[in-house]
Amino acid sequence: MATKVIPNYALYGDQAQSRWQNLFDFEWIPKRSKPYNWNISPHKHDAFIQILYITEGGCEVILDGARFTAVAPCLIVIPAQTVHGFVVETNVNGPVVTAAQGPLESVASVLMPELLALVRKPALIALDADSIHAKALMPLFLAIEQETQIHAVGQMAAGLSLLTAL
C-alpha cells in the first residue's frame with residue numbers, strides 16, 4: 001500500500017521554511033483560494049495555527065480526514081499539525097489569520113489558560129450573526145490585519161495580544 005505524502009506549507013502553496021519571518025499573517029480567503037480554483041488540497045502546517053472567519057458564503061472543510069460544511073457566519077480553528085483542506089464556494093469571504101502556535105500558546109498560558117484547549121483542537125464554530133461575540137470578531141481581525149502591515153517595535157506583542165483576544 002502506497003503511503004500518501006501530506007504537503008507541509010507555511011501558507012498554502014508556499015513551501016515551509018525552517019524559519020518564518022513573522023509570528024502571524026493575515027489574508028482574505030478569496031485571495032488564497034481563487035488562484036487554486038477554490039480548491040485547497042489537504043495539507044498541514046508544522047507550527048502554525050489558522051483561524052478563519054467565514055462571513056459570507058461557505059465551504060466544505062476537511063479536518064483530519066473528516067468532512068464538514070461551514071456556512072457563514074462561523075469560525076474555523078485549525079491547530080498546527082492538523083491535516084486540512086477546503087472546497088470553497090466562489091461567493092465565500094472572510095479573513096484568515098495564520099500564526100505561530102507556540103508563541104500564541106505561551107501568551108495564552110499566562111493571560112487566559114482556558115484558551116489552550118480551544119487552540120489545540122480543530123473546531124468549526126457556528127455563530128449567531130446578531131450575537132455580541134460575532135459582532136466583536138471583525139474589528140479584531142481588522143486590527144490584526146493592520147498589525148501585519150506595521151513593522152515597528154511592539155508589533156509582535158500587539159499582534160499576539162490581538163490574537164489572544166480573538
# chains A, B, ... in the order shown; residues from 1 in each chain; ligands from 1

$ residues_around --residues "range 35-40 of chain A" --least-positions-apart "4" --cutoff "7 Å" --atoms "only C-alpha atoms" --output "PDB file with all heavy atoms, in the first residue's frame"
ATOM      1  N   GLY A  85      -8.107  20.852   4.473  1.00  0.00           N
ATOM      2  CA  GLY A  85      -8.291  21.308   3.107  1.00  0.00           C
ATOM      3  C   GLY A  85      -9.665  21.924   2.979  1.00  0.00           C
ATOM      4  O   GLY A  85     -10.489  21.844   3.896  1.00  0.00           O
ATOM      5  N   PHE A  86      -9.919  22.551   1.824  1.00  0.00           N
ATOM      6  CA  PHE A  86     -11.183  23.260   1.613  1.00  0.00           C
ATOM      7  C   PHE A  86     -11.630  23.133   0.170  1.00  0.00           C
ATOM      8  O   PHE A  86     -10.812  23.161  -0.742  1.00  0.00           O
ATOM      9  CB  PHE A  86     -11.027  24.765   1.891  1.00  0.00           C
ATOM     10  CG  PHE A  86     -10.496  25.084   3.252  1.00  0.00           C
ATOM     11  CD1 PHE A  86      -9.140  25.246   3.465  1.00  0.00           C
ATOM     12  CD2 PHE A  86     -11.359  25.235   4.327  1.00  0.00           C
ATOM     13  CE1 PHE A  86      -8.640  25.543   4.714  1.00  0.00           C
ATOM     14  CE2 PHE A  86     -10.871  25.535   5.586  1.00  0.00           C
ATOM     15  CZ  PHE A  86      -9.512  25.692   5.783  1.00  0.00           C
ATOM     16  N   VAL A  87     -12.926  23.042  -0.018  1.00  0.00           N
ATOM     17  CA  VAL A  87     -13.555  23.284  -1.307  1.00  0.00           C
ATOM     18  C   VAL A  87     -14.432  24.494  -1.037  1.00  0.00           C
ATOM     19  O   VAL A  87     -15.421  24.419  -0.310  1.00  0.00           O
ATOM     20  CB  VAL A  87     -14.377  22.083  -1.796  1.00  0.00           C
ATOM     21  CG1 VAL A  87     -15.060  22.426  -3.119  1.00  0.00           C
ATOM     22  CG2 VAL A  87     -13.490  20.856  -1.946  1.00  0.00           C
ATOM     23  N   VAL A  88     -14.022  25.629  -1.596  1.00  0.00           N
ATOM     24  CA  VAL A  88     -14.595  26.920  -1.243  1.00  0.00           C
ATOM     25  C   VAL A  88     -15.603  27.355  -2.298  1.00  0.00           C
ATOM     26  O   VAL A  88     -15.328  27.274  -3.496  1.00  0.00           O
ATOM     27  CB  VAL A  88     -13.460  27.972  -1.125  1.00  0.00           C
ATOM     28  CG1 VAL A  88     -13.997  29.322  -0.732  1.00  0.00           C
ATOM     29  CG2 VAL A  88     -12.405  27.503  -0.126  1.00  0.00           C
ATOM     30  N   GLU A  89     -16.761  27.836  -1.838  1.00  0.00           N
ATOM     31  CA  GLU A  89     -17.732  28.417  -2.756  1.00  0.00           C
ATOM     32  C   GLU A  89     -17.154  29.727  -3.296  1.00  0.00           C
ATOM     33  O   GLU A  89     -16.439  30.432  -2.589  1.00  0.00           O
ATOM     34  CB  GLU A  89     -19.056  28.701  -2.031  1.00  0.00           C
ATOM     35  CG  GLU A  89     -19.756  27.452  -1.537  1.00  0.00           C
ATOM     36  CD  GLU A  89     -20.999  27.759  -0.705  1.00  0.00           C
ATOM     37  OE1 GLU A  89     -21.371  28.943  -0.559  1.00  0.00           O
ATOM     38  OE2 GLU A  89     -21.589  26.796  -0.195  1.00  0.00           O
ATOM     39  N   THR A  90     -17.484  30.055  -4.539  1.00  0.00           N
ATOM     40  CA  THR A  90     -16.908  31.259  -5.141  1.00  0.00           C
ATOM     41  C   THR A  90     -17.427  32.549  -4.501  1.00  0.00           C
ATOM     42  O   THR A  90     -16.828  33.598  -4.681  1.00  0.00           O
ATOM     43  CB  THR A  90     -17.173  31.304  -6.661  1.00  0.00           C
ATOM     44  OG1 THR A  90     -18.579  31.243  -6.888  1.00  0.00           O
ATOM     45  CG2 THR A  90     -16.470  30.152  -7.363  1.00  0.00           C
TER      46      THR A  90
END

$ closest_atom_pairs --of "range 63-92 of chain A" --to "range 125-128 of chain A" --cutoff "7 Å" --atoms "only C-alpha atoms" --output "JSON lines"
{"residue": "A:Pro73", "atom": "CA", "partner": "A:Leu127", "partner_atom": "CA", "distance": 5.5}
{"residue": "A:Cys74", "atom": "CA", "partner": "A:Ala126", "partner_atom": "CA", "distance": 4.4}
{"residue": "A:Leu75", "atom": "CA", "partner": "A:Ile125", "partner_atom": "CA", "distance": 5.0}
{"residue": "A:Ile76", "atom": "CA", "partner": "A:Ile125", "partner_atom": "CA", "distance": 6.3}

$ write_last_selection --atoms "N, CA and C atoms" --output "PDB file, in the first residue's frame"
ATOM      1  N   PRO A  73     -22.358  32.787   9.340  1.00  0.00           N
ATOM      2  CA  PRO A  73     -21.065  33.124   9.928  1.00  0.00           C
ATOM      3  C   PRO A  73     -20.557  31.965  10.792  1.00  0.00           C
ATOM      4  N   CYS A  74     -19.272  31.696  10.680  1.00  0.00           N
ATOM      5  CA  CYS A  74     -18.656  30.672  11.521  1.00  0.00           C
ATOM      6  C   CYS A  74     -17.150  30.890  11.598  1.00  0.00           C
ATOM      7  N   LEU A  75     -16.580  30.351  12.644  1.00  0.00           N
ATOM      8  CA  LEU A  75     -15.129  30.339  12.825  1.00  0.00           C
ATOM      9  C   LEU A  75     -14.632  28.929  12.581  1.00  0.00           C
ATOM     10  N   ILE A  76     -13.453  28.829  12.003  1.00  0.00           N
ATOM     11  CA  ILE A  76     -12.789  27.535  11.836  1.00  0.00           C
ATOM     12  C   ILE A  76     -11.420  27.673  12.485  1.00  0.00           C
TER      13      ILE A  76
END

$ residues_around --residues "Leu124 in chain A" --least-positions-apart "5" --cutoff "10 Å" --atoms "only C-alpha atoms" --output "list in words"
Ile51, Leu52, Tyr53, Val61, Leu63, Phe68, Thr69, Ala70, Val71, Cys74, Leu75, Ile76, Val77 and Ile78 of chain A

$ residues_around --residues "Asn91 in chain A" --least-positions-apart "6" --cutoff "9 Å" --atoms "only C-alpha atoms" --output "number ranges by chain"
A: 30, 56-58

$ residues_around --residues "range 148-160 of chain A" --least-positions-apart "4" --cutoff "8 Å" --atoms "only C-alpha atoms" --output "list in words"
Leu23, Phe24, Asp25, Phe26, Pro103, Leu104, Val107, Ile144 and Thr164 of chain A

$ write_last_selection --atoms "N, CA and C atoms" --output "short mmCIF file (atom, residue, chain, number, x, y, z; two decimals), in the first residue's frame"
data_model
loop_
_atom_site.label_atom_id
_atom_site.label_comp_id
_atom_site.auth_asym_id
_atom_site.auth_seq_id
_atom_site.Cartn_x
_atom_site.Cartn_y
_atom_site.Cartn_z
N LEU A 23 5.38 36.25 13.14
CA LEU A 23 4.65 35.35 14.02
C LEU A 23 3.22 35.16 13.55
N PHE A 24 2.75 36.06 12.67
CA PHE A 24 1.39 35.93 12.16
C PHE A 24 1.26 36.57 10.79
N ASP A 25 0.22 36.12 10.06
CA ASP A 25 -0.06 36.61 8.71
C ASP A 25 -1.57 36.75 8.59
N PHE A 26 -2.00 37.67 7.74
CA PHE A 26 -3.42 37.94 7.52
C PHE A 26 -3.69 37.92 6.02
N PRO A 103 4.26 30.56 20.27
CA PRO A 103 4.19 31.84 20.96
C PRO A 103 2.77 32.21 21.40
N LEU A 104 1.78 31.87 20.58
CA LEU A 104 0.39 32.15 20.96
C LEU A 104 0.02 31.36 22.21
N VAL A 107 1.63 32.98 25.36
CA VAL A 107 0.89 34.15 25.83
C VAL A 107 -0.43 33.72 26.47
N ILE A 144 -5.79 42.98 13.52
CA ILE A 144 -4.69 42.06 13.22
C ILE A 144 -4.16 42.34 11.82
N THR A 164 -4.81 36.67 20.97
CA THR A 164 -5.33 36.12 22.22
C THR A 164 -6.76 36.60 22.45
#

$ atom_distance --atom1 "CA of His84 in chain A" --atom2 "CA of Ala117 in chain A"
18.9 Å

$ closest_residue --among "A:Ala143, A:Asp46, A:Ile54, A:Ser41" --to "Pro95 in chain A" --atoms "only C-alpha atoms"
A:Ile54

$ decode --residues "range 114-135 of chain A" --atoms "N, CA, C and O atoms" --output "compact mmCIF listing (two decimals), in the first residue's frame"
# COMPACT_ATOMS: atom_id res chain seq x y z
N GLU A 114 -7.53 28.98 29.88
CA GLU A 114 -8.65 28.22 29.33
C GLU A 114 -8.69 28.24 27.80
O GLU A 114 -9.34 27.42 27.18
N LEU A 115 -7.96 29.15 27.19
CA LEU A 115 -7.89 29.23 25.73
C LEU A 115 -7.08 28.08 25.14
O LEU A 115 -7.30 27.69 23.99
N LEU A 116 -6.17 27.51 25.91
CA LEU A 116 -5.29 26.46 25.39
C LEU A 116 -6.06 25.27 24.82
O LEU A 116 -5.71 24.76 23.76
N ALA A 117 -7.12 24.84 25.49
CA ALA A 117 -7.90 23.70 24.99
C ALA A 117 -8.51 24.02 23.64
O ALA A 117 -8.57 23.16 22.76
N LEU A 118 -8.94 25.26 23.43
CA LEU A 118 -9.56 25.65 22.17
C LEU A 118 -8.55 25.69 21.02
O LEU A 118 -8.85 25.26 19.92
N VAL A 119 -7.34 26.18 21.26
CA VAL A 119 -6.38 26.32 20.17
C VAL A 119 -5.62 25.03 19.88
O VAL A 119 -4.84 24.98 18.93
N ARG A 120 -5.84 24.00 20.65
CA ARG A 120 -5.15 22.73 20.44
C ARG A 120 -6.00 21.69 19.74
O ARG A 120 -5.53 20.58 19.47
N LYS A 121 -7.27 22.00 19.46
CA LYS A 121 -8.18 21.03 18.85
C LYS A 121 -8.90 21.68 17.67
O LYS A 121 -9.41 22.79 17.80
N PRO A 122 -8.94 21.02 16.51
CA PRO A 122 -9.66 21.61 15.38
C PRO A 122 -11.13 21.81 15.74
O PRO A 122 -11.72 21.01 16.45
N ALA A 123 -11.69 22.92 15.23
CA ALA A 123 -13.09 23.21 15.55
C ALA A 123 -13.74 24.01 14.44
O ALA A 123 -13.10 24.84 13.80
N LEU A 124 -15.02 23.76 14.26
CA LEU A 124 -15.87 24.57 13.41
C LEU A 124 -16.95 25.11 14.35
O LEU A 124 -17.68 24.34 14.95
N ILE A 125 -16.99 26.42 14.50
CA ILE A 125 -17.87 27.05 15.48
C ILE A 125 -18.89 27.92 14.76
O ILE A 125 -18.56 28.98 14.23
N ALA A 126 -20.15 27.45 14.73
CA ALA A 126 -21.23 28.23 14.13
C ALA A 126 -21.52 29.42 15.04
O ALA A 126 -21.47 29.31 16.27
N LEU A 127 -21.82 30.56 14.44
CA LEU A 127 -22.07 31.78 15.19
C LEU A 127 -23.45 32.33 14.88
O LEU A 127 -23.96 32.18 13.77
N ASP A 128 -24.02 33.01 15.85
CA ASP A 128 -25.24 33.78 15.64
C ASP A 128 -24.79 35.17 15.21
O ASP A 128 -24.11 35.86 15.97
N ALA A 129 -25.12 35.57 13.99
CA ALA A 129 -24.64 36.85 13.44
C ALA A 129 -25.01 38.04 14.31
O ALA A 129 -24.32 39.06 14.29
N ASP A 130 -26.08 37.93 15.08
CA ASP A 130 -26.53 39.05 15.91
C ASP A 130 -25.94 39.04 17.32
O ASP A 130 -26.19 39.96 18.09
N SER A 131 -25.13 38.03 17.64
CA SER A 131 -24.57 37.96 18.99
C SER A 131 -23.47 39.00 19.17
O SER A 131 -22.80 39.41 18.21
N ILE A 132 -23.28 39.40 20.40
CA ILE A 132 -22.23 40.38 20.71
C ILE A 132 -20.85 39.83 20.35
O ILE A 132 -19.97 40.57 19.91
N HIS A 133 -20.67 38.52 20.50
CA HIS A 133 -19.37 37.91 20.19
C HIS A 133 -19.08 37.95 18.69
O HIS A 133 -17.97 38.28 18.29
N ALA A 134 -20.08 37.62 17.88
CA ALA A 134 -19.87 37.66 16.43
C ALA A 134 -19.59 39.08 15.96
O ALA A 134 -18.73 39.30 15.10
N LYS A 135 -20.28 40.05 16.53
CA LYS A 135 -20.07 41.44 16.13
C LYS A 135 -18.69 41.95 16.53
O LYS A 135 -18.16 42.86 15.90
